[in-house]
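Undergrad: Dumping the structure here so I can ask a few things about it.
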Amino acid sequence: MAMAMAVSVPYDVVLEILLRVKDVITIFRCATTCKSSASAYSKGWRRLLAADPSVLRRCLPEDVCRSAPFAGFFTQQRPRRGPPVPCLVPAPRPVLDPRRRPLSFFFPDLDDHRYFDHAIPLASRHGLLLVRLDLCRAGIDPDASGDLLAVCNLLAGTIHVLPRLERSCDFDDHEATGYAMLTGADHSNNNDHQQELLGSFKVLVIGILASWEGNTMLYGLRTFSSSGEPMWNTCAGSVNCSNYGARLWQHSAAVCGGMARWLFWGLWGLYAFGVSVETNNFPFTRVHDRMHPQYEPYISVDSEGRLALFFMQRNGPQLLILTLDDNNRIWSRARVLELKQENQHKEQPLVGYTCLGEKNGTLIIKDSFQHVYFADAATGVMHEVKKLPTKCKISRKRTVSIDMD
């Protein structure tokens, strides 16, 4: 009886209860504990949070950063027995669960425990995780044609499997393929329009092919929108590279101001290729003309919501941060950050560092001894990640940081 009364609590009453909870982490843990599959607006905290991201914003104190809480990163782990599966490595202050969890943990209603076997995390946005499934190798579906992508809603506990993405003879190389996730909040500054798109998402997949003879870079863009027809839309084009060549440096795009941007390295500098969901523009701009790729550039959005470039010096604990001006034209040097381990009292031996990712002011860094750290982009303090997934070679292309909003 008491359970039935609790389940039937109206949306506005549940919202008032949530607004009185001062710790947003407590709210997340309540959401992940609630496994209700009922309607988002009348039953279940879990689906309520997933359906209305503004709830989390209103629960945050006025004086704290308004960026989405950083949950950690997904990578592949290989269990003692069985194939590799995506696994969440929680942030230093976990918002979901303090323990390392396989992706299947967020979907208790899965009919087959093999569903995420061999799956690879690709991109994320506001609690949504894009993965590439391999149901053939998992022994579930014999159809191995094309790429099967799925959008996983970690709060709602739902999986949206996209139509199979046919491979192209020109753009079928996963090493030259970039991915991006956008939500309804990225589509427009109009609040009414955002409400209409609440809960919607768009997936962008871009393939790159360099053409040395014509001094151009050919691209093929495929998009899927959950609010449109259940099909992939495709387009192709080219941009003038002035014979620079092009190498995709970062597979997961940075999303800022309704535009997804991928990072490329050419013979004469660093470039960003953008796709606007509002205007269908495809800007290809030079970011830096002198920085050597050994500095491990990574493009992301900082804790203030600005597009930022992070250059990691491989042979020293320094991080150079550039930010883009309000007109999206000029990159300026913001600061140089000295990285240091927590409670470090003496100089450390020289090691190499690699930037694996960044989300909302937290960097994911790996050193040459395969140790992984969470680093504060404001202070430079690094916290070592304990108990990494077993038999896991963590790399940038298999690491996807995730926030919850």
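Residue numbering restarts at 1 for every chain of the structure tokens, chains are lettered A, B, ... in their displayed order, and ligands are numbered from 1 as they appear.
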Excluding His251 of chain A and any residue of its chain fewer than 3 positions from it, enumerate the residues within 10 Å of it, using only C-alpha atoms, and give them as a ChimeraX atom specification.
TA: /A:122-123,174-180,205-206,248,254,262-264,396-398,400
Undergrad: Which neighbours of Val85 of chain A fall inside 8 Å, counting only C-alpha atoms, when residues of the same chain fewer than 4 positions from it are skipped, and could you give them as an MDAnalysis selection string?
TA: chainID A and resid 76:79 102:103 116:120
Undergrad: May I ask for the distance between atom CA of Leu319 of chain A and atom CA of Asp302 of chain A, given in Å to one decimal place?
TA: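 It comes out at 13.9 Å.
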Undergrad: Find the residue from A:Gly269, A:Pro121, A:Gly357, A:Gly258 that sits nearest to Val287 of chain A; use only C-alpha atoms when measuring.
TA: A:Gly269
Undergrad: Compare A:Asp325, A:Glu384, A:Asp111, A:Glu278 by their minimum atom-to-atom distance to Ala308 of chain A, counting only C-alpha atoms, and give me the closest one.
TA: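 Checking each of A:Asp325, A:Glu384, A:Asp111, A:Glu278 against Ala308 of chain A, counting only C-alpha atoms, the winner is A:Asp325.
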Undergrad: Would you mind writing down, as a ChimeraX atom specification, each residue of segment 62-126 of chain A that DSSP on the backbone assigns to helix (DSSP H, G or I)?
TA: /A:103-106
Undergrad: Using only C-alpha atoms, which protein or nucleic acid residues come within 7 Å of Met404 of chain A? Drop anything in the same chain fewer than 2 positions from it, and give the result as a list in words.
TA: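 Counting only C-alpha atoms, the residues come to Ala68, Pro69, Phe70, Ala71, His126, Gly127 and Ile402 of chain A.
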Undergrad: Neighbours of Leu133 of chain A within 12 Å (only C-alpha atoms; same-chain residues fewer than 4 positions away dropped), as a VMD selection string?
TA: chain A and resid 84 to 86 114 to 122 137 to 141 143 to 152 159 to 165
Undergrad: Could you save the residues just selected, with N, CA and C atoms, as a short mmCIF file (atom, residue, chain, number, x, y, z; two decimals), in the first residue's frame?
TA:
data_model
loop_
_atom_site.label_atom_id
_atom_site.label_comp_id
_atom_site.auth_asym_id
_atom_site.auth_seq_id
_atom_site.Cartn_x
_atom_site.Cartn_y
_atom_site.Cartn_z
N PRO A 84 35.83 -8.57 -23.76
CA PRO A 84 35.85 -7.22 -23.20
C PRO A 84 34.48 -6.57 -23.24
N VAL A 85 34.20 -5.74 -22.23
CA VAL A 85 32.92 -5.03 -22.13
C VAL A 85 33.20 -3.60 -21.67
N PRO A 86 32.34 -2.64 -22.05
CA PRO A 86 32.51 -1.27 -21.55
C PRO A 86 32.31 -1.22 -20.04
N ARG A 114 24.98 -10.96 -22.63
CA ARG A 114 26.08 -10.81 -23.60
C ARG A 114 25.91 -9.57 -24.47
N TYR A 115 24.90 -8.77 -24.24
CA TYR A 115 24.53 -7.69 -25.16
C TYR A 115 25.67 -6.71 -25.41
N PHE A 116 26.43 -6.37 -24.38
CA PHE A 116 27.51 -5.39 -24.53
C PHE A 116 28.88 -6.03 -24.70
N ASP A 117 28.92 -7.34 -24.94
CA ASP A 117 30.21 -7.99 -25.19
C ASP A 117 30.84 -7.40 -26.45
N HIS A 118 32.09 -7.01 -26.36
CA HIS A 118 32.88 -6.44 -27.46
C HIS A 118 32.41 -5.04 -27.87
N ALA A 119 31.46 -4.46 -27.15
CA ALA A 119 31.00 -3.10 -27.49
C ALA A 119 32.09 -2.08 -27.19
N ILE A 120 32.10 -1.00 -27.98
CA ILE A 120 33.13 0.04 -27.85
C ILE A 120 32.46 1.38 -27.59
N PRO A 121 32.81 2.08 -26.51
CA PRO A 121 32.26 3.44 -26.28
C PRO A 121 32.84 4.42 -27.29
N LEU A 122 31.98 5.31 -27.82
CA LEU A 122 32.39 6.21 -28.89
C LEU A 122 32.28 7.68 -28.51
N ARG A 137 29.80 -11.00 -32.83
CA ARG A 137 30.85 -11.60 -32.00
C ARG A 137 30.32 -11.99 -30.63
N ALA A 138 29.27 -11.29 -30.18
CA ALA A 138 28.67 -11.63 -28.89
C ALA A 138 27.82 -12.90 -28.97
N GLY A 139 27.56 -13.38 -30.18
CA GLY A 139 26.79 -14.60 -30.34
C GLY A 139 25.30 -14.40 -30.27
N ILE A 140 24.82 -13.15 -30.51
CA ILE A 140 23.39 -12.86 -30.42
C ILE A 140 22.75 -12.74 -31.80
N ASP A 141 23.44 -12.09 -32.73
CA ASP A 141 22.89 -11.84 -34.07
C ASP A 141 23.95 -12.20 -35.10
N ASP A 143 24.08 -11.41 -38.15
CA ASP A 143 24.25 -10.36 -39.15
C ASP A 143 25.44 -9.48 -38.77
N ALA A 144 26.48 -9.53 -39.59
CA ALA A 144 27.69 -8.74 -39.32
C ALA A 144 27.84 -7.58 -40.30
N SER A 145 26.81 -7.28 -41.05
CA SER A 145 26.91 -6.22 -42.05
C SER A 145 26.75 -4.85 -41.40
N GLY A 146 27.56 -3.90 -41.84
CA GLY A 146 27.45 -2.54 -41.34
C GLY A 146 27.84 -2.39 -39.88
N ASP A 147 27.70 -1.17 -39.39
CA ASP A 147 27.98 -0.86 -37.99
C ASP A 147 26.65 -0.67 -37.26
N LEU A 148 26.52 -1.28 -36.11
CA LEU A 148 25.32 -1.17 -35.30
C LEU A 148 25.63 -0.30 -34.09
N LEU A 149 25.09 0.92 -34.08
CA LEU A 149 25.31 1.87 -33.00
C LEU A 149 24.08 1.91 -32.11
N ALA A 150 24.30 2.24 -30.84
CA ALA A 150 23.20 2.35 -29.89
C ALA A 150 23.46 3.52 -28.95
N VAL A 151 22.38 4.23 -28.59
CA VAL A 151 22.45 5.32 -27.63
C VAL A 151 21.89 4.81 -26.30
N CYS A 152 22.74 4.83 -25.29
CA CYS A 152 22.37 4.30 -23.97
C CYS A 152 22.10 5.46 -23.02
N ILE A 159 17.80 1.80 -23.98
CA ILE A 159 18.75 1.64 -25.07
C ILE A 159 18.03 1.88 -26.38
N HIS A 160 18.53 2.82 -27.17
CA HIS A 160 17.95 3.13 -28.47
C HIS A 160 18.92 2.61 -29.52
N VAL A 161 18.58 1.48 -30.13
CA VAL A 161 19.43 0.90 -31.18
C VAL A 161 19.12 1.60 -32.50
N LEU A 162 20.14 2.13 -33.15
CA LEU A 162 19.97 2.86 -34.40
C LEU A 162 19.97 1.91 -35.59
N PRO A 163 19.43 2.34 -36.72
CA PRO A 163 19.50 1.49 -37.92
C PRO A 163 20.95 1.19 -38.27
N ARG A 164 21.15 0.03 -38.87
CA ARG A 164 22.51 -0.35 -39.25
C ARG A 164 23.10 0.69 -40.19
N LEU A 165 24.34 1.02 -39.94
CA LEU A 165 25.05 2.02 -40.74
C LEU A 165 25.87 1.30 -41.79
#
Undergrad: Go ahead and compute the interatomic distance for atom CA of Pro230 of chain A and atom CA of Gln250 of chain A, in Å to one decimal.
TA: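 Interatomic distance, atom CA of Pro230 of chain A to atom CA of Gln250 of chain A: 27.8 Å.
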